[in-house]
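Here the structure comes first, spelled out in structure tokens, and everything after it is commentary.
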Amino acid sequence: MSELNSIALKILSDGKGILAADESTATMTKRLDSVKIPSTPENRLNFRETLFSSSSMAECIGGVILYDETIKQQSSKGKTIPELIISSKSIPGIKVDTGAKQLAGSTEEKITEGLDGLRERLKEYYKLGARFTKWRGVYNISRDYPSKLSIYSNAHALARYAAIVQEINMVPIVEPEVLMSGDHSAEDCYNKTSEVIEKCFEELILHKIDLRGVILKPNMILAGTDSKNKIEGEDVAKLTVKCLKKSVPSEVPGIAFLSGGQTEIESTENLNLINKYNDTKFIMSYSYGRALQQSALKKWSKNIKDIDSTQKVFNHRAKMNTLAAQGKWSRDLEN
Ligand code: 5MM
């Protein structure tokens, strides 16, 4: 087994998933504004440290995606944040893209940037303890989108990113996110997501990526948030598995879904059903941001000194998703 393959498997083993805590300062500020807490470096650290020192980290969270600010911060007990994560036998990861910017040639769409100077930044992150990375491409859906240009250019950037990451001995998470917003049907989401993922793997193969050392982070197959024909549960699971089965090469060890704006319970329920229908060899787990943090953030904002209450809420969500990643979740466990 290659070193990269064993890191990917360790992150996603036994129902473990990934905590996506890599919100940029702008996004974290929106999250903190929503609960009326000032977005200071201390408050951002306080909330994140509360999550990273929870008891469910050891059992449920195989990896944590950090943001540049957080990976360089010290915990209140004097450890660095990567040391705190490693002390729970979890693996620190880092978001390395610098964000989605307007795509020249198709101004309604975005291209993710961050390749300049990436090799040097990765060397520094490796020294700080990171062993995996994340890069997110974003795609809108409508009648004309995503365009061939956006599908190609984001796939090309994801592949160039993944190649440099593997050169530094880290596992790249490849995240092509087809957004939920819009009135598109689930069938449109299925078709566009398949096209996007297939193009990503075509480029990854061209760039000689070791696919056994990659984690794919896709969206689930859903109808748009404004669609009149929503699909739920079993239909989401069947279409999602069907899409990944045809679009992802069999060498890839694991798939970790994003939650994309689904509620906490929807994300857990759909993941559980996906695992019930999963007739592939891929591990299918989670890499959730909002769906792991929303309730915990609300609880924390009531009293940021009450660490236990926040951790209790976070532990519950982490356990529910780890059960779902094994197809063992049921709604009655939520109470
Ligand atoms: C944690 O949120 C990430 C957003 O980062 P930016 O602040 O740079 O936009 C995001 O990439 C996240 O990792 C994934 O979208 C998954 O998060 P959700 O909330 O969709 O599960």
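Residue numbering restarts at 1 for every chain of the structure tokens, chains are lettered A, B, ... in their displayed order, and ligands are numbered from 1 as they appear.
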
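The protein and nucleic acid residues lying at most 9 Å from A:Lys281 are A:Ser250, A:Pro253, A:Gly254, with only C-alpha atoms considered and sequence neighbours fewer than 6 positions away removed.
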
Output of the above residues as a PDB file, in the first residue's frame, restricted to N, CA and C atoms:
ATOM      1  N   SER A 250     -12.120   3.158 -10.414  1.00  0.00           N
ATOM      2  CA  SER A 250     -12.210   2.241  -9.269  1.00  0.00           C
ATOM      3  C   SER A 250     -11.010   2.327  -8.327  1.00  0.00           C
ATOM      4  N   PRO A 253      -9.846   5.484  -3.433  1.00  0.00           N
ATOM      5  CA  PRO A 253     -10.260   4.749  -2.233  1.00  0.00           C
ATOM      6  C   PRO A 253     -11.522   5.293  -1.566  1.00  0.00           C
ATOM      7  N   GLY A 254     -11.727   6.616  -1.639  1.00  0.00           N
ATOM      8  CA  GLY A 254     -12.838   7.127  -0.846  1.00  0.00           C
ATOM      9  C   GLY A 254     -13.458   8.393  -1.383  1.00  0.00           C
TER      10      GLY A 254
END

6 Å shell around ligand 1 using only C-alpha atoms and all ligand atoms, listed as a list in words: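 If we count only C-alpha atoms and all ligand atoms, the neighbours of ligand 1 turn out to be Ala20, Ala21, Asp22, Glu23, Ser24, Thr27, Gly99, Arg136, Leu258, Ser259, Gly260, Gly261, Tyr288, Gly289, Arg290 and Ala291 of chain A.
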
Residues as selected, N, CA and C atoms, written as a short mmCIF file (atom, residue, chain, number, x, y, z; two decimals), in the first residue's frame, can you do that?
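That gives us selection24.cif:
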data_model
loop_
_atom_site.label_atom_id
_atom_site.label_comp_id
_atom_site.auth_asym_id
_atom_site.auth_seq_id
_atom_site.Cartn_x
_atom_site.Cartn_y
_atom_site.Cartn_z
N ALA A 20 -14.90 19.80 7.94
CA ALA A 20 -14.44 20.91 7.09
C ALA A 20 -14.56 22.20 7.89
N ALA A 21 -13.43 22.60 8.49
CA ALA A 21 -13.41 23.82 9.31
C ALA A 21 -12.50 24.84 8.64
N ASP A 22 -12.56 24.86 7.30
CA ASP A 22 -11.63 25.69 6.52
C ASP A 22 -12.29 26.95 5.99
N GLU A 23 -13.33 27.42 6.66
CA GLU A 23 -13.96 28.66 6.19
C GLU A 23 -12.92 29.78 6.15
N SER A 24 -12.90 30.49 5.03
CA SER A 24 -12.03 31.66 4.94
C SER A 24 -12.53 32.68 5.98
N THR A 27 -15.97 34.04 5.12
CA THR A 27 -17.10 33.11 5.37
C THR A 27 -17.31 32.92 6.86
N GLY A 99 -9.46 30.74 -3.43
CA GLY A 99 -10.83 31.20 -3.67
C GLY A 99 -11.24 31.18 -5.14
N ARG A 136 -11.33 23.52 -3.90
CA ARG A 136 -12.73 23.43 -4.32
C ARG A 136 -12.98 24.21 -5.60
N LEU A 258 -19.76 16.69 0.46
CA LEU A 258 -20.00 17.99 1.10
C LEU A 258 -21.49 18.05 1.42
N SER A 259 -21.90 18.93 2.33
CA SER A 259 -23.34 18.99 2.66
C SER A 259 -24.05 20.04 1.80
N GLY A 260 -23.35 21.07 1.38
CA GLY A 260 -23.84 21.98 0.33
C GLY A 260 -25.06 22.83 0.65
N GLY A 261 -25.45 22.93 1.92
CA GLY A 261 -26.64 23.73 2.24
C GLY A 261 -27.82 22.86 2.64
N TYR A 288 -18.13 17.39 6.00
CA TYR A 288 -19.15 18.42 6.17
C TYR A 288 -18.60 19.64 6.91
N GLY A 289 -19.06 20.81 6.45
CA GLY A 289 -18.78 22.05 7.15
C GLY A 289 -20.01 22.43 7.95
N ARG A 290 -20.99 23.03 7.24
CA ARG A 290 -22.20 23.50 7.93
C ARG A 290 -22.95 22.37 8.62
N ALA A 291 -23.06 21.20 8.00
CA ALA A 291 -23.88 20.13 8.56
C ALA A 291 -23.26 19.51 9.82
#

Contact residues around A:Val171 with only C-alpha atoms at 8 Å, ignoring same-chain residues under 2 positions, as a list in words: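 Within the cut-off, the hits are Leu4, Ile7, Ala8, Arg131, Phe132, Thr133, Val165, Gln166, Asn169, Ile173, Gly213, Val214 and Ile215 of chain A.
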
Which of A:Val174, A:Lys192, A:Ser185, A:Leu216 sits closest to A:Asp144 [using only C-alpha atoms]: A:Lys192

Near-A:Val241 list (10 Å; only C-alpha atoms; drop same-chain fewer than 5 positions) as an mmCIF file with C-alpha atoms, in the first residue's frame:
data_model
loop_
_atom_site.group_PDB
_atom_site.id
_atom_site.type_symbol
_atom_site.label_atom_id
_atom_site.label_comp_id
_atom_site.auth_asym_id
_atom_site.auth_seq_id
_atom_site.Cartn_x
_atom_site.Cartn_y
_atom_site.Cartn_z
ATOM 1 C CA MET A 220 -24.945 14.617 -3.704
ATOM 2 C CA ILE A 221 -27.444 14.464 -6.585
ATOM 3 C CA ASP A 235 -33.973 8.680 -4.917
ATOM 4 C CA VAL A 236 -31.086 10.928 -3.842
ATOM 5 C CA LYS A 246 -20.048 5.532 -13.675
ATOM 6 C CA SER A 247 -17.837 8.610 -13.237
ATOM 7 C CA LEU A 273 -29.161 5.829 2.469
ATOM 8 C CA ILE A 274 -26.207 6.241 0.113
ATOM 9 C CA ASN A 275 -24.368 3.682 2.216
ATOM 10 C CA TYR A 277 -27.296 1.507 -1.729
ATOM 11 C CA ASN A 278 -23.512 1.599 -2.091
ATOM 12 C CA ASP A 279 -22.657 -1.434 -4.222
ATOM 13 C CA THR A 280 -19.201 -0.078 -5.151
ATOM 14 C CA PHE A 282 -15.600 3.179 -2.608
ATOM 15 C CA MET A 284 -18.611 6.811 1.126
#

Residues near A:Glu175, cut-off 6 Å, only C-alpha atoms, skip fewer than 4 positions along chain, as a list in words: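 Listed by chain and then number, they are Trp135, Arg136, Lys217 and Pro218 of chain A.
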
Stretch 33-180 of chain A: residues DSSP assigns to strand (DSSP E), reported as a ChimeraX atom specification: /A:61-66,91-95,99-103,106-113,132-139,171-178

With N, CA and C atoms retained, could you export that selection as a compact mmCIF listing (two decimals), in the first residue's frame?
# COMPACT_ATOMS: atom_id res chain seq x y z
N ILE A 61 -13.82 11.61 13.78
CA ILE A 61 -13.25 12.57 12.82
C ILE A 61 -11.83 12.14 12.41
N GLY A 62 -11.73 11.59 11.20
CA GLY A 62 -10.43 11.11 10.72
C GLY A 62 -9.52 12.22 10.24
N GLY A 63 -10.11 13.36 9.89
CA GLY A 63 -9.30 14.47 9.40
C GLY A 63 -10.03 15.78 9.56
N VAL A 64 -9.26 16.86 9.76
CA VAL A 64 -9.86 18.19 9.89
C VAL A 64 -9.23 19.09 8.83
N ILE A 65 -10.07 19.75 8.03
CA ILE A 65 -9.51 20.70 7.06
C ILE A 65 -9.44 22.07 7.73
N LEU A 66 -8.24 22.62 7.77
CA LEU A 66 -8.00 23.91 8.44
C LEU A 66 -7.85 25.02 7.40
N ILE A 91 -6.12 13.54 11.61
CA ILE A 91 -5.06 14.06 10.73
C ILE A 91 -5.39 15.50 10.31
N PRO A 92 -4.42 16.42 10.50
CA PRO A 92 -4.66 17.80 10.06
C PRO A 92 -4.55 17.94 8.53
N GLY A 93 -5.46 18.69 7.96
CA GLY A 93 -5.42 18.99 6.53
C GLY A 93 -5.53 20.49 6.36
N ILE A 94 -5.36 20.96 5.11
CA ILE A 94 -5.36 22.41 4.90
C ILE A 94 -5.98 22.77 3.54
N LYS A 95 -6.81 23.81 3.56
CA LYS A 95 -7.36 24.34 2.30
C LYS A 95 -6.25 25.13 1.62
N GLY A 99 -9.46 30.74 -3.43
CA GLY A 99 -10.83 31.20 -3.67
C GLY A 99 -11.24 31.18 -5.14
N ALA A 100 -12.55 31.24 -5.34
CA ALA A 100 -13.12 31.21 -6.69
C ALA A 100 -13.29 32.63 -7.20
N LYS A 101 -12.72 32.92 -8.36
CA LYS A 101 -12.76 34.28 -8.95
C LYS A 101 -13.50 34.23 -10.28
N GLN A 102 -13.89 35.41 -10.78
CA GLN A 102 -14.62 35.45 -12.06
C GLN A 102 -13.80 34.80 -13.18
N LEU A 103 -14.46 33.94 -13.95
CA LEU A 103 -13.79 33.23 -15.05
C LEU A 103 -13.79 34.11 -16.31
N SER A 106 -16.25 33.73 -19.44
CA SER A 106 -17.61 33.32 -19.06
C SER A 106 -17.91 33.99 -17.72
N THR A 107 -18.28 35.26 -17.79
CA THR A 107 -18.28 36.11 -16.59
C THR A 107 -19.29 35.71 -15.51
N GLU A 108 -20.25 34.85 -15.86
CA GLU A 108 -21.21 34.41 -14.82
C GLU A 108 -20.63 33.23 -14.03
N GLU A 109 -19.46 32.74 -14.44
CA GLU A 109 -18.92 31.52 -13.80
C GLU A 109 -17.60 31.83 -13.09
N LYS A 110 -17.13 30.80 -12.33
CA LYS A 110 -15.93 31.04 -11.52
C LYS A 110 -14.84 30.03 -11.81
N ILE A 111 -13.62 30.50 -11.59
CA ILE A 111 -12.45 29.61 -11.67
C ILE A 111 -11.71 29.75 -10.34
N THR A 112 -11.30 28.62 -9.80
CA THR A 112 -10.60 28.66 -8.51
C THR A 112 -9.12 28.94 -8.73
N GLU A 113 -8.58 29.85 -7.92
CA GLU A 113 -7.18 30.24 -8.07
C GLU A 113 -6.34 29.72 -6.90
N PHE A 132 -2.91 16.27 4.38
CA PHE A 132 -3.80 16.28 3.22
C PHE A 132 -4.25 17.72 2.97
N THR A 133 -4.83 17.94 1.80
CA THR A 133 -5.14 19.30 1.37
C THR A 133 -6.52 19.32 0.70
N LYS A 134 -7.04 20.51 0.51
CA LYS A 134 -8.32 20.63 -0.19
C LYS A 134 -8.32 21.78 -1.18
N TRP A 135 -8.97 21.56 -2.31
CA TRP A 135 -9.15 22.61 -3.34
C TRP A 135 -10.56 22.43 -3.88
N ARG A 136 -11.33 23.52 -3.90
CA ARG A 136 -12.73 23.43 -4.32
C ARG A 136 -12.98 24.21 -5.60
N GLY A 137 -13.52 23.53 -6.60
CA GLY A 137 -14.01 24.20 -7.81
C GLY A 137 -15.52 24.33 -7.67
N VAL A 138 -16.09 25.46 -8.10
CA VAL A 138 -17.55 25.63 -7.97
C VAL A 138 -18.20 25.84 -9.34
N TYR A 139 -19.34 25.22 -9.51
CA TYR A 139 -20.05 25.24 -10.79
C TYR A 139 -21.52 25.58 -10.54
N VAL A 171 -2.13 14.00 0.56
CA VAL A 171 -3.31 13.50 -0.17
C VAL A 171 -4.17 14.69 -0.60
N PRO A 172 -4.42 14.85 -1.89
CA PRO A 172 -5.31 15.95 -2.32
C PRO A 172 -6.78 15.54 -2.24
N ILE A 173 -7.58 16.38 -1.59
CA ILE A 173 -9.03 16.24 -1.73
C ILE A 173 -9.39 17.05 -2.96
N VAL A 174 -10.08 16.41 -3.88
CA VAL A 174 -10.51 17.06 -5.11
C VAL A 174 -12.00 17.34 -4.94
N GLU A 175 -12.35 18.63 -4.87
CA GLU A 175 -13.75 19.00 -4.58
C GLU A 175 -14.36 19.79 -5.74
N PRO A 176 -15.07 19.09 -6.63
CA PRO A 176 -15.82 19.82 -7.64
C PRO A 176 -17.26 19.95 -7.14
N GLU A 177 -17.66 21.16 -6.75
CA GLU A 177 -19.00 21.33 -6.16
C GLU A 177 -19.98 21.92 -7.17
N VAL A 178 -20.95 21.12 -7.59
CA VAL A 178 -22.04 21.62 -8.41
C VAL A 178 -23.07 22.16 -7.43

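The spacing separating atom CA of A:Ser56 from atom CA of A:Thr240 amounts to 27.6 Å.
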
Nearest to A:Asn270, chosen from A:Asn321, A:Ser147, A:Ser181, A:Asn229, with only C-alpha atoms counted in the distances: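 Nearest candidate to A:Asn270 out of A:Asn321, A:Ser147, A:Ser181, A:Asn229: A:Asn321.
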
Nearest residue to A:Asn303 from the set A:Ala104, A:Leu128, A:Met57, A:Val35 (distances using only C-alpha atoms): A:Val35
